[in-house]
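Visitor: This is input_30.cif (mmCIF, C-alpha atoms).
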```cif
data_run
loop_
_atom_site.label_atom_id
_atom_site.label_comp_id
_atom_site.auth_asym_id
_atom_site.auth_seq_id
_atom_site.Cartn_x
_atom_site.Cartn_y
_atom_site.Cartn_z
CA MET C 11 -136.72 163.35 -4.94
CA GLU C 12 -136.49 161.71 -1.53
CA LEU C 13 -132.86 160.76 -2.18
CA HIS C 14 -132.15 164.40 -3.05
CA GLY C 15 -133.52 165.54 0.28
CA LYS C 16 -136.84 167.01 -0.86
CA SER C 17 -139.35 167.33 1.97
CA ARG C 18 -142.43 165.15 2.27
CA ARG C 19 -144.58 168.20 1.60
CA THR C 20 -142.73 169.01 -1.63
CA ARG C 21 -142.93 165.41 -2.81
CA ALA C 22 -146.67 165.35 -2.11
CA GLU C 23 -147.15 168.57 -4.07
CA TYR C 24 -145.31 167.10 -7.06
CA GLY C 25 -147.53 164.03 -6.79
CA ARG C 26 -150.72 166.08 -6.86
CA VAL C 27 -149.58 168.01 -9.92
CA LEU C 28 -148.54 164.88 -11.82
CA ARG C 29 -151.78 163.08 -10.97
CA ARG C 30 -153.71 166.12 -12.16
CA PHE C 31 -151.78 166.03 -15.44
CA GLU C 32 -152.47 162.31 -15.77
CA SER C 33 -156.20 162.91 -15.27
CA PHE C 34 -156.09 165.73 -17.81
CA LEU C 35 -154.69 163.36 -20.42
CA THR C 36 -157.03 160.43 -19.70
CA GLU C 37 -160.38 162.11 -19.00
CA GLU C 38 -162.41 162.69 -22.13
CA GLY C 39 -163.05 166.29 -23.04
CA ARG C 40 -160.23 167.82 -20.97
CA GLY C 41 -157.23 167.43 -23.25
CA PRO C 42 -156.97 168.57 -26.87
CA ALA C 43 -158.67 166.51 -29.57
CA ASP C 44 -156.51 163.57 -30.61
CA GLY C 45 -154.18 164.36 -27.72
CA ALA C 46 -151.99 161.84 -25.91
CA SER C 47 -153.47 159.56 -23.27
CA GLU C 48 -150.25 159.03 -21.31
CA ALA C 49 -147.37 161.22 -20.22
CA ALA C 50 -144.71 159.43 -22.27
CA ALA C 51 -146.52 160.37 -25.48
CA ALA C 52 -147.53 163.91 -24.45
CA SER C 53 -146.73 166.64 -26.94
CA HIS C 54 -146.00 170.33 -26.58
CA ARG C 55 -149.64 170.92 -27.52
CA ASP C 56 -150.89 168.63 -24.74
CA CYS C 57 -148.72 170.34 -22.16
CA MET C 58 -149.71 173.83 -23.24
CA ALA C 59 -153.39 172.85 -23.06
CA PHE C 60 -152.84 171.59 -19.51
CA VAL C 61 -151.21 174.86 -18.48
CA HIS C 62 -154.12 176.78 -20.00
CA GLU C 63 -156.48 174.69 -17.88
CA LEU C 64 -154.46 175.58 -14.79
CA ARG C 65 -154.62 179.26 -15.66
CA ARG C 66 -158.40 179.09 -15.95
CA ASP C 67 -158.68 177.61 -12.45
CA PRO C 68 -159.97 180.47 -10.23
CA ASP C 69 -158.37 178.87 -7.17
CA LEU C 70 -154.83 179.09 -8.59
CA ALA C 71 -152.77 182.28 -8.61
CA GLU C 72 -150.56 182.88 -11.63
CA SER C 73 -147.48 182.27 -9.50
CA THR C 74 -148.92 178.89 -8.46
CA THR C 75 -149.60 178.03 -12.09
CA ALA C 76 -145.98 178.86 -12.88
CA THR C 77 -144.82 176.62 -10.03
CA TYR C 78 -146.97 173.72 -11.20
CA ALA C 79 -145.67 174.12 -14.74
CA ALA C 80 -142.12 174.04 -13.39
CA TYR C 81 -142.90 170.78 -11.54
CA LEU C 82 -144.10 169.18 -14.76
CA HIS C 83 -141.08 170.51 -16.62
CA ARG C 84 -138.69 168.95 -14.08
CA PHE C 85 -140.56 165.66 -14.27
CA PHE C 86 -140.20 165.50 -18.06
CA ALA C 87 -136.56 166.64 -17.89
CA TYR C 88 -135.74 163.83 -15.48
CA MET C 89 -137.62 161.18 -17.45
CA THR C 90 -135.84 162.30 -20.61
CA GLN C 91 -132.46 162.31 -18.89
CA VAL C 92 -132.82 158.71 -17.71
CA GLY C 93 -134.09 157.57 -21.11
CA ALA C 94 -137.67 156.75 -20.08
CA PHE C 95 -139.11 159.42 -22.40
CA ASP C 96 -137.87 160.51 -25.81
CA ALA C 97 -138.23 164.26 -25.30
CA ASN C 98 -139.29 166.99 -22.91
CA PRO C 99 -142.36 168.73 -24.39
CA MET C 100 -142.40 171.20 -21.49
CA ALA C 101 -139.10 172.85 -22.50
CA LEU C 102 -140.76 174.97 -25.20
CA VAL C 103 -143.83 175.53 -23.04
CA MET C 104 -141.68 177.05 -20.31
CA GLU C 105 -140.12 179.42 -22.83
CA GLU C 106 -143.57 180.50 -24.02
CA LEU C 107 -144.90 180.84 -20.48
CA ASP C 108 -142.36 183.51 -19.71
CA GLU C 109 -144.19 185.72 -22.17
CA ARG C 110 -147.35 185.49 -20.02
CA ILE C 111 -146.59 184.66 -16.40
CA ASP C 112 -144.71 186.91 -13.99
CA THR C 113 -144.16 185.25 -10.62
CA ASP C 114 -143.14 188.59 -9.09
CA PRO C 115 -145.83 191.00 -7.94
CA ALA C 116 -146.11 194.46 -9.47
CA ARG C 117 -143.40 196.60 -7.94
CA ARG C 118 -142.27 200.17 -7.60
CA GLU C 119 -140.82 201.42 -10.88
CA ILE C 120 -137.40 203.04 -10.52
CA SER C 121 -135.53 204.44 -13.51
CA VAL C 122 -131.86 203.79 -14.14
CA PRO C 123 -130.91 207.45 -13.47
CA ARG C 124 -132.70 207.36 -10.09
CA MET C 125 -131.01 204.08 -9.20
CA ARG C 126 -127.69 205.61 -10.22
CA ARG C 127 -128.22 208.45 -7.75
CA PHE C 128 -129.17 205.88 -5.09
CA VAL C 129 -125.92 203.96 -5.61
CA GLY C 130 -123.98 207.22 -5.60
CA GLY C 131 -125.19 207.90 -2.07
CA ILE C 132 -123.68 204.66 -0.71
CA ALA C 133 -120.17 205.44 0.50
CA HIS C 134 -119.07 202.34 2.43
CA PRO C 135 -117.11 200.01 0.07
CA LEU C 136 -118.81 196.86 1.43
CA GLU C 137 -122.33 198.24 1.25
CA ARG C 138 -121.79 199.65 -2.24
CA ALA C 139 -120.29 196.34 -3.39
CA LEU C 140 -123.31 194.42 -2.10
CA VAL C 141 -125.83 196.68 -3.81
CA VAL C 142 -123.94 196.98 -7.11
CA THR C 143 -123.40 193.21 -7.28
CA LEU C 144 -127.12 192.57 -6.78
CA LEU C 145 -128.08 195.22 -9.35
CA LYS C 146 -125.54 194.12 -11.96
CA THR C 147 -126.13 190.37 -11.71
CA GLY C 148 -129.75 189.83 -10.66
CA MET C 149 -128.68 187.12 -8.21
CA ARG C 150 -130.66 186.31 -5.08
CA VAL C 151 -129.46 187.59 -1.73
CA GLY C 152 -128.71 184.03 -0.55
CA GLU C 153 -126.57 183.47 -3.64
CA LEU C 154 -124.74 186.71 -2.92
CA CYS C 155 -123.99 185.61 0.63
CA ASN C 156 -122.77 182.19 -0.56
CA LEU C 157 -120.15 183.63 -2.91
CA ASP C 158 -116.58 182.67 -2.05
CA ARG C 159 -113.43 184.38 -3.26
CA ARG C 160 -112.82 181.45 -5.62
CA ASP C 161 -116.06 182.38 -7.43
CA LEU C 162 -114.71 185.70 -8.75
CA THR C 163 -112.10 186.47 -11.34
CA ILE C 164 -111.23 190.09 -12.16
CA SER C 165 -108.40 191.53 -14.23
CA ARG C 166 -107.95 194.63 -12.07
CA GLY C 167 -106.34 194.82 -8.66
CA PRO C 168 -103.05 193.56 -7.25
CA ALA C 169 -101.29 190.64 -8.89
CA GLY C 170 -102.35 187.33 -7.46
CA ASP C 171 -105.69 188.71 -6.27
CA ASN C 172 -107.52 188.57 -9.57
CA ALA C 173 -108.14 184.93 -10.39
CA GLY C 174 -110.90 182.71 -9.08
CA THR C 175 -109.98 179.05 -8.81
CA ARG C 176 -113.27 177.65 -10.08
CA ALA C 177 -112.80 175.42 -13.11
CA GLN C 178 -115.93 177.03 -14.56
CA LEU C 179 -114.06 180.35 -14.76
CA ASP C 180 -111.16 179.03 -16.84
CA GLY C 181 -110.88 181.18 -19.95
CA ARG C 182 -113.60 183.53 -18.68
CA PRO C 183 -111.92 186.63 -17.23
CA ASP C 184 -113.93 189.21 -15.30
CA SER C 185 -116.65 186.81 -14.28
CA LEU C 186 -118.59 185.49 -11.30
CA PHE C 187 -119.66 181.88 -10.86
CA VAL C 188 -122.91 181.29 -8.97
CA ALA C 189 -123.29 177.64 -8.00
CA SER C 190 -126.54 175.75 -7.59
CA GLU C 191 -125.43 173.45 -4.77
CA PRO C 192 -125.13 175.39 -1.49
CA SER C 193 -128.05 174.73 0.87
CA ILE C 194 -128.80 176.18 4.28
CA GLY C 195 -127.41 174.08 7.11
CA GLU C 196 -125.15 172.03 4.84
CA SER C 197 -121.36 172.14 4.68
CA TYR C 198 -120.11 173.53 1.37
CA ASN C 199 -116.47 174.37 0.59
CA GLY C 200 -115.67 173.60 4.21
CA GLU C 201 -118.28 175.87 5.81
CA GLU C 202 -121.86 175.38 7.02
CA ARG C 203 -124.08 177.72 5.04
CA THR C 204 -126.70 180.14 6.33
CA ALA C 205 -128.51 180.46 2.98
CA SER C 206 -129.50 178.34 0.01
CA ASN C 207 -128.93 178.91 -3.70
CA LYS C 208 -131.97 178.23 -5.86
CA ARG C 209 -130.46 178.05 -9.32
CA LYS C 210 -131.37 175.22 -11.63
CA ARG C 211 -127.72 175.04 -12.64
CA GLY C 212 -124.48 176.89 -11.92
CA THR C 213 -124.16 180.11 -13.91
CA VAL C 214 -121.22 182.22 -15.12
CA ILE C 215 -122.11 185.93 -14.97
CA PRO C 216 -120.00 188.65 -16.63
CA VAL C 217 -118.39 191.32 -14.46
CA ASP C 218 -118.36 194.67 -16.26
CA ASP C 219 -115.96 197.56 -15.57
CA GLU C 220 -118.22 199.19 -12.99
CA LEU C 221 -118.74 196.05 -10.96
CA SER C 222 -115.05 195.21 -11.26
CA GLU C 223 -114.09 198.66 -9.95
CA THR C 224 -116.55 198.34 -7.07
CA LEU C 225 -115.31 194.89 -6.07
CA VAL C 226 -111.65 195.92 -6.27
CA ARG C 227 -112.33 198.76 -3.84
CA TRP C 228 -114.07 196.33 -1.49
CA LEU C 229 -111.31 193.75 -1.70
CA ALA C 230 -108.74 196.42 -0.84
CA ILE C 231 -110.26 196.80 2.64
CA ARG C 232 -111.89 193.39 3.10
CA PRO C 233 -110.97 191.88 6.49
CA ASP C 234 -109.32 188.49 6.57
CA ALA C 235 -112.08 185.91 6.54
CA VAL C 236 -112.70 183.74 9.59
CA SER C 237 -113.79 180.82 7.42
CA PRO C 238 -111.31 178.81 5.31
CA ALA C 239 -113.92 179.01 2.54
CA GLU C 240 -112.87 182.66 2.10
CA PRO C 241 -116.32 184.28 1.72
CA LEU C 242 -116.34 187.16 -0.75
CA PHE C 243 -118.47 189.34 1.53
CA VAL C 244 -117.68 189.45 5.24
CA GLY C 245 -118.57 191.69 8.16
CA THR C 246 -116.66 194.88 8.94
CA GLY C 247 -118.35 195.60 12.28
CA SER C 248 -119.79 193.07 14.65
CA GLY C 249 -118.99 189.67 13.21
CA TRP C 250 -115.68 190.99 11.85
CA GLY C 251 -114.48 188.73 9.03
CA GLU C 252 -117.52 186.43 9.22
CA ARG C 253 -119.66 185.61 6.19
CA LEU C 254 -122.60 187.97 5.83
CA THR C 255 -126.11 186.52 6.14
CA PRO C 256 -129.17 187.44 4.07
CA GLU C 257 -130.62 189.17 7.14
CA GLN C 258 -127.56 191.40 7.44
CA VAL C 259 -127.66 192.31 3.76
CA GLY C 260 -131.38 193.00 4.09
CA ARG C 261 -130.75 195.44 6.94
CA ILE C 262 -128.09 197.26 4.94
CA VAL C 263 -130.38 197.63 1.93
CA ARG C 264 -133.31 198.66 4.12
CA THR C 265 -131.29 201.43 5.76
CA HIS C 266 -130.36 202.99 2.41
CA ALA C 267 -133.87 202.44 0.99
CA GLU C 268 -135.40 204.22 4.00
CA ASP C 269 -133.05 207.16 3.44
CA ALA C 270 -134.22 207.30 -0.20
CA GLY C 271 -137.90 207.09 0.74
CA TRP C 272 -138.16 203.66 -0.86
CA TYR C 273 -138.98 201.66 2.25
CA GLU C 274 -141.80 201.99 4.75
CA ARG C 275 -142.19 199.59 7.64
CA GLY C 276 -145.37 197.57 7.23
CA ALA C 277 -145.60 198.12 3.47
CA GLY C 278 -145.35 195.14 1.12
CA ALA C 279 -143.26 194.07 -1.85
CA THR C 280 -145.13 196.42 -4.17
CA GLU C 281 -143.72 199.45 -2.34
CA ASN C 282 -140.51 198.50 -0.57
CA VAL C 283 -137.06 198.22 -2.07
CA THR C 284 -135.36 195.10 -0.69
CA PRO C 285 -132.51 192.92 -1.97
CA HIS C 286 -135.06 190.98 -4.05
CA TYR C 287 -136.22 194.22 -5.66
CA PHE C 288 -132.79 194.52 -7.27
CA ARG C 289 -133.42 191.17 -9.01
CA HIS C 290 -136.67 192.60 -10.38
CA PHE C 291 -134.83 195.77 -11.48
CA PHE C 292 -132.14 193.74 -13.24
CA THR C 293 -134.68 191.55 -15.02
CA THR C 294 -136.89 194.40 -16.17
CA HIS C 295 -134.24 196.79 -17.42
CA LEU C 296 -131.88 194.27 -19.01
CA ARG C 297 -134.74 192.44 -20.73
CA ASP C 298 -136.09 195.71 -22.11
CA ARG C 299 -132.65 196.70 -23.37
CA THR C 300 -131.72 193.37 -24.97
CA GLY C 301 -135.09 192.04 -26.05
CA ASP C 302 -133.56 188.62 -25.31
CA ARG C 303 -135.42 186.74 -22.60
CA GLY C 304 -133.16 183.71 -22.99
CA VAL C 305 -129.99 185.55 -21.99
CA VAL C 306 -131.73 187.20 -19.04
CA LYS C 307 -133.11 183.83 -17.91
CA TYR C 308 -129.62 182.32 -18.14
CA LEU C 309 -128.15 185.10 -16.00
CA ARG C 310 -130.94 184.75 -13.43
CA GLY C 311 -130.33 180.99 -13.23
CA ASP C 312 -133.89 180.18 -14.28
CA VAL C 313 -133.17 177.65 -17.03
CA GLY C 314 -132.38 173.96 -16.71
CA ASP C 315 -129.95 171.70 -18.50
CA ASP C 316 -132.07 171.24 -21.63
CA ILE C 317 -132.07 174.97 -22.39
CA ILE C 318 -128.94 176.27 -20.69
CA ASP C 319 -126.51 174.31 -22.87
CA THR C 320 -127.09 176.77 -25.70
CA TYR C 321 -125.75 179.58 -23.55
CA THR C 322 -123.02 177.53 -21.90
CA HIS C 323 -121.51 176.33 -25.17
CA ASN C 324 -121.66 179.77 -26.79
CA TRP C 325 -121.03 181.76 -23.64
CA GLY C 326 -118.98 184.54 -25.24
CA ASP C 327 -121.36 185.24 -28.10
CA ASN C 328 -124.73 184.72 -26.45
CA VAL C 329 -124.10 186.11 -22.99
CA ARG C 330 -120.90 188.11 -22.62
CA GLU C 331 -121.34 190.28 -25.71
CA THR C 332 -125.04 190.82 -25.10
CA TYR C 333 -124.43 191.70 -21.47
CA ASP C 334 -121.54 194.08 -22.14
CA GLU C 335 -123.49 195.87 -24.87
CA HIS C 336 -126.69 196.38 -22.90
CA ILE C 337 -125.98 196.44 -19.15
CA TYR C 338 -126.92 199.80 -17.63
CA SER C 339 -124.45 202.15 -15.96
CA LEU C 340 -124.79 202.68 -12.21
CA LEU C 341 -121.72 204.76 -11.32
CA GLU C 342 -121.79 208.50 -11.81
#
```
Please express the file's structure as structure tokens.
Guide:
Amino acid sequence: MELHGKSRRTRAEYGRVLRRFESFLTEEGRGPADGASEAAAASHRDCMAFVHELRRDPDLAESTTATYAAYLHRFFAYMTQVGAFDANPMALVMEELDERIDTDPARREISVPRMRRFVGGIAHPLERALVVTLLKTGMRVGELCNLDRRDLTISRGPAGDNAGTRAQLDGRPDSLFVASEPSIGESYNGEERTASNKRKRGTVIPVDDELSETLVRWLAIRPDAVSPAEPLFVGTGSGWGERLTPEQVGRIVRTHAEDAGWYERGAGATENVTPHYFRHFFTTHLRDRTGDRGVVKYLRGDVGDDIIDTYTHNWGDNVRETYDEHIYSLLE
């Protein structure tokens, strides 16, 4: 973790969680009967029992429990990858946890028809493209800002302006690639970034007809980018041609949310519509329509290598078709 640039605080937190798991396995009466006494032999049952113990701890919020479970999952995934352990018993636990733990707070409920009217009131091509992209993909605002032109392939628009150059997009028309690598302050594709991506692995996201139409209209007026990285979204006012920052996107969303009565200064996440709210909207409505948590998790970038391969290898069947069949309409 140190070699990968993780902070001392993060490394210490991982250490506390792993030592707690070790104590859980070795102290009599804490783990399940006939459970493992060391991590290398831990089973799915042992790990689930540990998570249940965390959830019973009155000092831990559910979001903290989810974070601790993710730490243990990454530990097992690494140990399995390097051959120290035979399997990752936390992989199935993480799938089951998603049925119980929601790391987002309760939020304002907005129906698809109301959101459609909201989008219909956004006239500026850039601002509409930002909002529709967030709503149709569920990506984080930092991931949105880090998109480069090479990350998008669309079949509409002028010749020569439709194909992203990412290898991950080969054979996948009308798609967006969201990488996991960009980090704030680091140079990526020849440009220092102002935001970090938080995906466990790069993700290919389908672009449906509505998003394609919205992006084509934006690209028709998009200023020439200042950066050689060719950011997908750049400023059209102050900062002409410069990559947008999460703060700028947040201000744009806040302005439209205030006009809709969906934002009040001083209110919290339960009331206000922000860029992150659109991720919640995407997750809730697409999950309810598909009934497939795995596909939604893939699109959100929430699954690691040991689970994501299923969706990567069968991308057309498991993601594209499911997405195209169930994604909600936002354009009137």
Visitor: Compile the contact shell of Met58 of chain C as a list of chain:residue names: residues with an atom at most 12 Å away, counting all atoms listed in the file, same-chain residues fewer than 6 positions apart removed.
Guide: C:Phe31, C:Phe34, C:Leu35, C:Gly41, C:Pro42, C:Gly45, C:Ala52, C:Leu64, C:Arg65, C:Thr75, C:Ala79, C:Leu82, C:His83, C:Pro99, C:Met100, C:Ala101, C:Leu102, C:Val103, C:Met104, C:Glu105, C:Glu106, C:Leu107
Visitor: Once the PyMOL selection byres ((chain C and resi 259-268) around 12) has been applied to the shown file, what residues remain in the selection, as a ChimeraX atom specification?
Guide: /C:125,127-134,136-145,150-155,205,243-245,253-258,269-275,277,281-288
Visitor: Between C:Val214, C:Val226, C:Met149, C:Leu157, which has the minimum distance to Ala177 of chain C (counting only C-alpha atoms)?
Guide: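 Closest to Ala177 of chain C of all the choices is C:Val214.
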Visitor: Please determine, counting only C-alpha atoms, which residue among C:Val236, C:Val122, C:Ile231, C:Val329 has the shortest atom-to-atom distance to Thr213 of chain C.
Guide: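 Among the listed residues, C:Val329 lies closest to Thr213 of chain C.
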Visitor: From the list C:Ile120, C:Ala80, C:Leu186, C:Ala87, which residue is nearest Phe291 of chain C when using only C-alpha atoms?
Guide: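 The closest residue to Phe291 of chain C is C:Ile120.
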Visitor: Using Å and a single decimal, report how far atom CA of Cys57 of chain C sits from atom CA of Asp298 of chain C.
Guide: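 Computed distance, atom CA of Asp298 of chain C to atom CA of Cys57 of chain C, equals 28.3 Å.
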Visitor: List, as a list in words, every residue that the PyMOL selection byres ((chain C and resi 230) around 12) selects in the file provided.
Guide: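 When the PyMOL selection byres ((chain C and resi 230) around 12) is applied, the selected residues are Pro135, Leu136, Ala139, Arg166, Gly167, Pro168, Asp171, Asn172, Glu223, Thr224, Leu225, Val226, Arg227, Trp228, Leu229, Ile231, Arg232, Pro233, Asp234 and Leu242 of chain C.
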Visitor: Considering all atoms listed in the file, state which residue in the set C:Glu119, C:Asp56, C:Asp334, C:Glu196 is at the smallest distance from Ala279 of chain C.
Guide: C:Glu119
Visitor: Mind checking which residues fall within 9 Å of Arg159 of chain C, counting only C-alpha atoms, ignoring those fewer than 5 positions away in the same chain, and posting them as a ChimeraX atom specification?
Guide: /C:173-175,239-243
Visitor: Selection from above, C-alpha atoms, as a PDB file, in the coordinates of the input, can you write it?
Guide:
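Output file part.pdb follows:
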```pdb
ATOM      1  CA  ALA C 173    -108.140 184.930 -10.390  1.00  0.00           C
ATOM      2  CA  GLY C 174    -110.900 182.710  -9.080  1.00  0.00           C
ATOM      3  CA  THR C 175    -109.980 179.050  -8.810  1.00  0.00           C
ATOM      4  CA  ALA C 239    -113.920 179.010   2.540  1.00  0.00           C
ATOM      5  CA  GLU C 240    -112.870 182.660   2.100  1.00  0.00           C
ATOM      6  CA  PRO C 241    -116.320 184.280   1.720  1.00  0.00           C
ATOM      7  CA  LEU C 242    -116.340 187.160  -0.750  1.00  0.00           C
ATOM      8  CA  PHE C 243    -118.470 189.340   1.530  1.00  0.00           C
TER       9      PHE C 243
END
```
Visitor: State, in Å with one decimal place, the distance from atom CA of Ser185 of chain C to atom CA of Leu162 of chain C.
Guide: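 Spanning atom CA of Ser185 of chain C to atom CA of Leu162 of chain C is a straight-line distance of 6.0 Å.
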